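Have a look at the structure below before the remarks.
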Amino acid sequence: MLKARMESAQTAHQAFLRTKTFGALDGLRALAIFAVVLYHVLEAREGLVGRFYLSVSLFFAISGFLITTLLLRERAQTGTISLKGFYARRSLRIFPLYYAVTALYIVLVSVFETDMVVRGAFFDNVKYYLTYTSNWFINLEEGRIIFYFAWSMATEEQFYLLWPFVVRYFKSTWGPVVFMSGMLAVGIFMGWATKTGFLDTRHLWVRILASISISVCMGCLSAYLVHFPKPFAWTWKVLGQVWSVPVMVVLVFLAIYNYNTPLWLSSLLLTLMVLAMCIRPHHVMAPLIDHKWLRYVGSITYGIYLMHMISLNIVRRVVPHNLALYYVLTLALSIFFATLSYRYFEKPFLKLKDRFDWRGKKPVAEAPQPVVSTPVNPG
C-alpha cells in the first residue's frame, strides 16, 4: 500500500512537471475578477460581498505560484535564470497596457472630472502610478481617489523586481525559501501591527513593510513545495486526494463568509486551493473551473481589471440606477474592452516575448536534466 502511494505521488509529480498550462488557474482568475467587479459596483464594505476584496489575494497567490514555478523550471532546463529575459517578458506583458490605461485616465480626468480637489489629487498621484509606488504613498482612506486600485499592480511589480534576484543568486536551493519565509513573517506581523495601531502608517517605512503581500509570499513558497519530489509527496498526501479540491473550496468559502477570519488564514486557504487544483487537475469541480468560456475570461483578466472602473463609470452615466444592471453591463463592457485590447493592442507586444523565451534551449553541461519542455504560462 505504501509503495503504491509513493508511486502514485511520483507519477503525479512527473505529470505536474510536464504540465504546460494550469487551466484551473484561468478559471479561478475569472471567478476572482467577477468578485472584484461586484465589490466595486456595490461599493461594499460589509457582509459577504464586503469580503470579496480577498479576490485580490487570490490573484496574488496565483502570481507568486506561477512566477516562482517559471523561475524554478527555467533553472532546471537551462542551469540558470536569465534576469534580462525575465524582465523583458514581464515588461512586454505588463507595461504597454498599464501605461496606456494610465494615459487614458489622464485624458478622461482632464476632460470630465469637475471636482477640483479630486482632480488635483489625481494629478498629484500620477507620479506614483507611473513608478508603481502608489501602495506606499497614497492613502486609500482619504476620500475618492481615481485609479486607486493601481495599488495592487504596484504590489505585484515590486515583487517582480525583487524575487527573481533572490531565486537567481542564492547558492542554496532552499535559501530563497528561508528568505521568503522571513518576508511572510514580516508581512503577517505588519498586518497585525498596522491594524491594531501598534505601528503608525504615517511613517513611510511602515507603509513599505506593510505592503508586503502575504498571499504573494505563500504563492512563492507553495511553488517550492511542489517543484521538488519529497515536498511534493508530502503535499500530495493532503492536497492530491479526490476530496482535496472540494474540501479546500468549502474552507475558502467559510473563510470568506466569516468576517473575523484573519487575512493570513484566508490567504493560506486560497493558496492551498490553488495548489490542490494544480497538482490534481482532474477533480469534481474541473468541468466548471476548466470551462472554455471561464478560461477565456481568465486569460484576459489583466485587461478587465484595468478597464473595469472606466466601464463602471460609463454605465453609471448612461443607465438608470440599478445595481444588478450596473454589474452585468460593467462586466460585459469590461470583457469587451479587454478583448479588443488583447487582440489589437497587447498581442504585438506579447509576440516579442518569444525573443526572450528560454523554452527550447538545450540544458547547459552542468545543468540538471530538464523537468519540462515548456514552462507554465504566467499570463
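Residues are referred to by chain and number: the chain letter is A, B, ... according to the order shown in the C-alpha cells, the number counts from 1 in that chain, and ligands are numbered separately from 1 in the order shown.
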
Residues near stretch 182-193 of chain A, cut-off 10 Å, only C-alpha atoms, skip fewer than 2 positions along chain, as a list in words
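Returned residues: Pro176, Val177, Val178, Phe179, Met180, Lys195, Thr196, Gly197, Phe198, Leu199, Asp200, Thr201, Val206, Arg207, Ile208, Leu209, Ala210, Ser211, Ile212, Ser213, Ile214, Ser215, Val216, Cys217, Met218, Leu221, Pro262, Leu263 and Trp264 of chain A.
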
Dump of N, CA and C atoms for the selected residues, as a short mmCIF file (atom, residue, chain, number, x, y, z; two decimals), in the first residue's frame:
data_model
loop_
_atom_site.label_atom_id
_atom_site.label_comp_id
_atom_site.auth_asym_id
_atom_site.auth_seq_id
_atom_site.Cartn_x
_atom_site.Cartn_y
_atom_site.Cartn_z
N PRO A 176 16.20 30.78 -0.93
CA PRO A 176 15.03 31.62 -1.22
C PRO A 176 13.82 31.29 -0.34
N VAL A 177 13.71 30.01 0.05
CA VAL A 177 12.59 29.63 0.92
C VAL A 177 12.72 30.30 2.28
N VAL A 178 13.93 30.31 2.81
CA VAL A 178 14.17 30.98 4.10
C VAL A 178 13.90 32.47 3.96
N PHE A 179 14.38 33.06 2.88
CA PHE A 179 14.17 34.49 2.64
C PHE A 179 12.68 34.81 2.57
N MET A 180 11.94 34.05 1.75
CA MET A 180 10.52 34.34 1.58
C MET A 180 9.73 34.03 2.84
N LYS A 195 -3.06 47.20 11.84
CA LYS A 195 -4.49 47.09 12.14
C LYS A 195 -4.79 47.46 13.58
N THR A 196 -3.90 47.10 14.49
CA THR A 196 -4.11 47.37 15.92
C THR A 196 -3.59 48.73 16.34
N GLY A 197 -2.88 49.41 15.46
CA GLY A 197 -2.31 50.71 15.82
C GLY A 197 -0.98 50.63 16.52
N PHE A 198 -0.41 49.44 16.58
CA PHE A 198 0.90 49.27 17.22
C PHE A 198 1.97 50.06 16.47
N LEU A 199 1.83 50.14 15.14
CA LEU A 199 2.73 50.95 14.31
C LEU A 199 1.91 51.99 13.55
N ASP A 200 2.50 53.15 13.36
CA ASP A 200 1.82 54.28 12.73
C ASP A 200 2.10 54.30 11.23
N THR A 201 1.05 54.20 10.43
CA THR A 201 1.22 54.15 8.97
C THR A 201 1.60 55.50 8.38
N VAL A 206 6.95 52.10 7.55
CA VAL A 206 5.85 51.23 7.97
C VAL A 206 4.99 50.86 6.76
N ARG A 207 4.69 51.84 5.93
CA ARG A 207 3.86 51.58 4.74
C ARG A 207 4.57 50.64 3.77
N ILE A 208 5.88 50.79 3.65
CA ILE A 208 6.64 49.92 2.74
C ILE A 208 6.59 48.48 3.23
N LEU A 209 6.86 48.27 4.51
CA LEU A 209 6.84 46.90 5.05
C LEU A 209 5.42 46.33 5.07
N ALA A 210 4.44 47.21 5.32
CA ALA A 210 3.05 46.75 5.35
C ALA A 210 2.54 46.38 3.97
N SER A 211 3.24 46.81 2.92
CA SER A 211 2.81 46.50 1.56
C SER A 211 3.21 45.09 1.12
N ILE A 212 3.99 44.39 1.95
CA ILE A 212 4.36 43.01 1.63
C ILE A 212 3.10 42.17 1.58
N SER A 213 2.85 41.53 0.47
CA SER A 213 1.65 40.70 0.32
C SER A 213 1.92 39.30 0.84
N ILE A 214 1.19 38.91 1.88
CA ILE A 214 1.40 37.57 2.41
C ILE A 214 0.90 36.52 1.42
N SER A 215 -0.05 36.89 0.57
CA SER A 215 -0.54 35.94 -0.44
C SER A 215 0.53 35.67 -1.49
N VAL A 216 1.25 36.70 -1.91
CA VAL A 216 2.36 36.50 -2.84
C VAL A 216 3.41 35.61 -2.21
N CYS A 217 3.74 35.89 -0.95
CA CYS A 217 4.75 35.07 -0.25
C CYS A 217 4.33 33.61 -0.19
N MET A 218 3.08 33.37 0.15
CA MET A 218 2.59 32.00 0.23
C MET A 218 2.57 31.33 -1.14
N LEU A 221 6.17 30.28 -1.89
CA LEU A 221 6.58 29.12 -1.09
C LEU A 221 5.87 27.85 -1.57
N PRO A 262 -8.80 35.84 10.00
CA PRO A 262 -7.64 36.71 9.75
C PRO A 262 -7.15 36.57 8.32
N LEU A 263 -6.54 37.63 7.82
CA LEU A 263 -6.09 37.65 6.43
C LEU A 263 -5.10 36.54 6.15
N TRP A 264 -4.20 36.26 7.10
CA TRP A 264 -3.19 35.23 6.85
C TRP A 264 -3.83 33.87 6.64
#

Using only C-alpha atoms, which protein or nucleic acid residues come within 12 Å of A:Asn260? Drop anything in the same chain fewer than 4 positions from it, and give the result as number ranges by chain.
A: 46-48, 51, 254-256, 264-266

Please save N, CA and C atoms of the selected residues as a JSON list (two decimals), in the first residue's frame.
[["chain", "number", "residue", "atom", "x", "y", "z"],
["A", 46, "GLU", "N", -19.23, 45.73, 3.93],
["A", 46, "GLU", "CA", -19.71, 44.82, 4.95],
["A", 46, "GLU", "C", -20.41, 43.63, 4.28],
["A", 47, "GLY", "N", -20.70, 42.61, 5.08],
["A", 47, "GLY", "CA", -21.38, 41.44, 4.56],
["A", 47, "GLY", "C", -20.48, 40.57, 3.70],
["A", 48, "LEU", "N", -21.08, 39.60, 3.04],
["A", 48, "LEU", "CA", -20.31, 38.65, 2.23],
["A", 48, "LEU", "C", -19.58, 39.35, 1.10],
["A", 51, "ARG", "N", -16.39, 41.08, 1.71],
["A", 51, "ARG", "CA", -15.18, 40.25, 1.86],
["A", 51, "ARG", "C", -14.57, 39.89, 0.51],
["A", 254, "LEU", "N", -15.96, 29.34, 3.65],
["A", 254, "LEU", "CA", -16.19, 29.63, 5.06],
["A", 254, "LEU", "C", -15.30, 30.76, 5.56],
["A", 255, "ALA", "N", -14.07, 30.79, 5.07],
["A", 255, "ALA", "CA", -13.15, 31.86, 5.47],
["A", 255, "ALA", "C", -13.63, 33.21, 4.95],
["A", 256, "ILE", "N", -14.15, 33.22, 3.73],
["A", 256, "ILE", "CA", -14.67, 34.47, 3.16],
["A", 256, "ILE", "C", -15.95, 34.90, 3.88],
["A", 264, "TRP", "N", -4.20, 36.26, 7.10],
["A", 264, "TRP", "CA", -3.19, 35.23, 6.85],
["A", 264, "TRP", "C", -3.83, 33.87, 6.64],
["A", 265, "LEU", "N", -4.91, 33.58, 7.39],
["A", 265, "LEU", "CA", -5.58, 32.29, 7.25],
["A", 265, "LEU", "C", -6.34, 32.22, 5.93],
["A", 266, "SER", "N", -7.03, 33.29, 5.58],
["A", 266, "SER", "CA", -7.73, 33.32, 4.29],
["A", 266, "SER", "C", -6.74, 33.14, 3.14]]

Where does stretch 170-274 of chain A meet stretch 281-296 of chain A within 8 Å, residue by residue, with the nearest atom pair and distance in Å to one decimal for each, counting only C-alpha atoms, listed by chain and rising number, as CSV?
residue,atom,partner,partner_atom,distance
A:Val242,CA,A:His283,CA,6.6
A:Val245,CA,A:His283,CA,6.8
A:Pro246,CA,A:Met285,CA,7.2

Mind dumping the selected residues with N, CA and C atoms as an mmCIF file, in the first residue's frame?
data_model
loop_
_atom_site.group_PDB
_atom_site.id
_atom_site.type_symbol
_atom_site.label_atom_id
_atom_site.label_comp_id
_atom_site.auth_asym_id
_atom_site.auth_seq_id
_atom_site.Cartn_x
_atom_site.Cartn_y
_atom_site.Cartn_z
ATOM 1 N N VAL A 242 -8.858 12.750 -3.852
ATOM 2 C CA VAL A 242 -10.111 13.002 -4.564
ATOM 3 C C VAL A 242 -10.920 14.102 -3.879
ATOM 4 N N VAL A 245 -9.826 19.053 -3.428
ATOM 5 C CA VAL A 245 -10.312 20.301 -4.030
ATOM 6 C C VAL A 245 -11.651 20.733 -3.439
ATOM 7 N N PRO A 246 -12.674 19.850 -3.391
ATOM 8 C CA PRO A 246 -13.943 20.308 -2.807
ATOM 9 C C PRO A 246 -13.817 20.738 -1.352
#

Which of these, A:Val37, A:Ala276, A:Leu323, A:Leu270, has the shortest distance to A:Leu251 once you count only C-alpha atoms?
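For A:Leu251, the nearest of the candidates is A:Leu270.
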
Polymer residues at most 10 Å from A:Lys230, only C-alpha atoms, same-chain spacing of 4 or more positions, as an MDAnalysis selection string
chainID A and resid 9:10 13 225:226 234:236

By how many Å are atom CA of A:Lys351 and atom CA of A:Phe147 apart?
28.3 Å

Tell me, which residues of stretch 90-292 of chain A carry DSSP helix (DSSP H, G or I), written as a VMD selection string?
chain A and resid 90 to 112 116 to 130 134 to 137 150 to 169 175 to 196 204 to 210 214 to 227 229 to 239 244 to 257 263 to 279 286 to 289 292

Selected residue of minimal separation from A:Thr339 among A:Leu31, A:Ile300, A:Ala103, A:Val319, counting only C-alpha atoms:
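Closest residue, counting only C-alpha atoms: A:Ile300.
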
So that I can see what lies close to stretch 56-72 of chain A, please list as a short mmCIF file (atom, residue, chain, number, x, y, z; two decimals) with C-alpha atoms, in the first residue's frame the residues with an atom at most 8 Å from it, counting only C-alpha atoms and leaving out residues fewer than 3 positions away in the same chain.
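See selection-v9.cif below for the written result:
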data_model
loop_
_atom_site.label_atom_id
_atom_site.label_comp_id
_atom_site.auth_asym_id
_atom_site.auth_seq_id
_atom_site.Cartn_x
_atom_site.Cartn_y
_atom_site.Cartn_z
CA LEU A 25 -5.95 28.97 -12.62
CA ARG A 29 -8.89 34.23 -12.18
CA ALA A 32 -11.88 36.39 -8.89
CA VAL A 36 -13.75 42.22 -7.78
CA TYR A 53 -11.60 42.12 -1.64
CA ARG A 75 16.84 26.89 -13.92
CA ALA A 76 16.10 23.18 -14.23
CA ILE A 81 17.89 32.13 -14.72
CA SER A 152 -2.39 46.01 -6.32
CA GLU A 156 2.96 42.80 -7.83
CA PRO A 164 13.90 36.79 -9.39
CA VAL A 167 15.97 32.91 -6.67
CA SER A 213 1.65 40.70 0.32
CA SER A 215 -0.54 35.94 -0.44
CA VAL A 216 2.36 36.50 -2.84
CA CYS A 217 4.75 35.07 -0.25
CA MET A 218 2.59 32.00 0.23
CA GLY A 219 2.25 31.53 -3.51
CA CYS A 220 6.04 31.60 -3.91
CA LEU A 221 6.58 29.12 -1.09
CA SER A 222 3.89 26.80 -2.47
CA ALA A 223 5.79 26.56 -5.77
CA TYR A 224 8.80 25.19 -3.89
CA HIS A 227 8.62 21.52 -7.57
CA SER A 267 -4.57 33.72 2.19
CA LEU A 270 -6.64 30.35 -1.03
CA THR A 271 -3.06 29.26 -1.72
CA VAL A 274 -4.60 26.85 -5.90
CA PRO A 375 7.09 26.22 -18.75
CA VAL A 376 3.80 27.28 -17.33
CA ASN A 377 2.29 30.41 -18.79
CA PRO A 378 2.40 33.18 -16.19
#

Atom CA of A:Asn313 to atom CA of A:Thr133: how many Å, to one decimal?
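Going from atom CA of A:Asn313 over to atom CA of A:Thr133 covers 24.8 Å.
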
Which value, in Å to one decimal, gives the distance between atom CA of A:Leu104 and atom CA of A:Ile310?
9.5 Å

Surrounding residues of A:Gly120 excluding itself and chain neighbours under 4 positions, 12 Å, only C-alpha atoms, as number ranges by chain:
A: 106, 109-110, 113-116, 124-126, 144-146

Output for the residues just chosen: C-alpha atoms as an mmCIF file, in the first residue's frame:
data_model
loop_
_atom_site.group_PDB
_atom_site.id
_atom_site.type_symbol
_atom_site.label_atom_id
_atom_site.label_comp_id
_atom_site.auth_asym_id
_atom_site.auth_seq_id
_atom_site.Cartn_x
_atom_site.Cartn_y
_atom_site.Cartn_z
ATOM 1 C CA ILE A 106 -5.115 61.333 -17.542
ATOM 2 C CA VAL A 109 -9.818 63.176 -15.809
ATOM 3 C CA SER A 110 -8.672 66.248 -17.736
ATOM 4 C CA GLU A 113 -13.632 65.434 -13.785
ATOM 5 C CA THR A 114 -15.325 68.514 -12.304
ATOM 6 C CA ASP A 115 -14.343 68.082 -8.652
ATOM 7 C CA MET A 116 -11.193 70.186 -8.454
ATOM 8 C CA ASP A 124 -0.520 64.758 -7.745
ATOM 9 C CA ASN A 125 -0.690 60.964 -7.633
ATOM 10 C CA VAL A 126 0.219 60.344 -11.280
ATOM 11 C CA ARG A 144 -12.443 59.469 -3.605
ATOM 12 C CA ILE A 145 -9.191 58.512 -5.280
ATOM 13 C CA ILE A 146 -9.174 57.978 -9.035
#

From the list A:Tyr342, A:Ile94, A:Leu331, A:Phe123, which residue is nearest A:Val107 when using only C-alpha atoms?
A:Phe123

With distances taken over only C-alpha atoms, which residue among A:Lys347, A:Ala121, A:His203, A:His40 lies nearest A:Leu312?
A:His40

If we count only C-alpha atoms, what is near A:Phe16 at a cut-off of 10 Å, once residues fewer than 4 positions away on the same chain are taken out, given as a VMD selection string?
chain A and resid 10 to 12 20 to 22 226 to 227 232 278 to 281 371 to 372
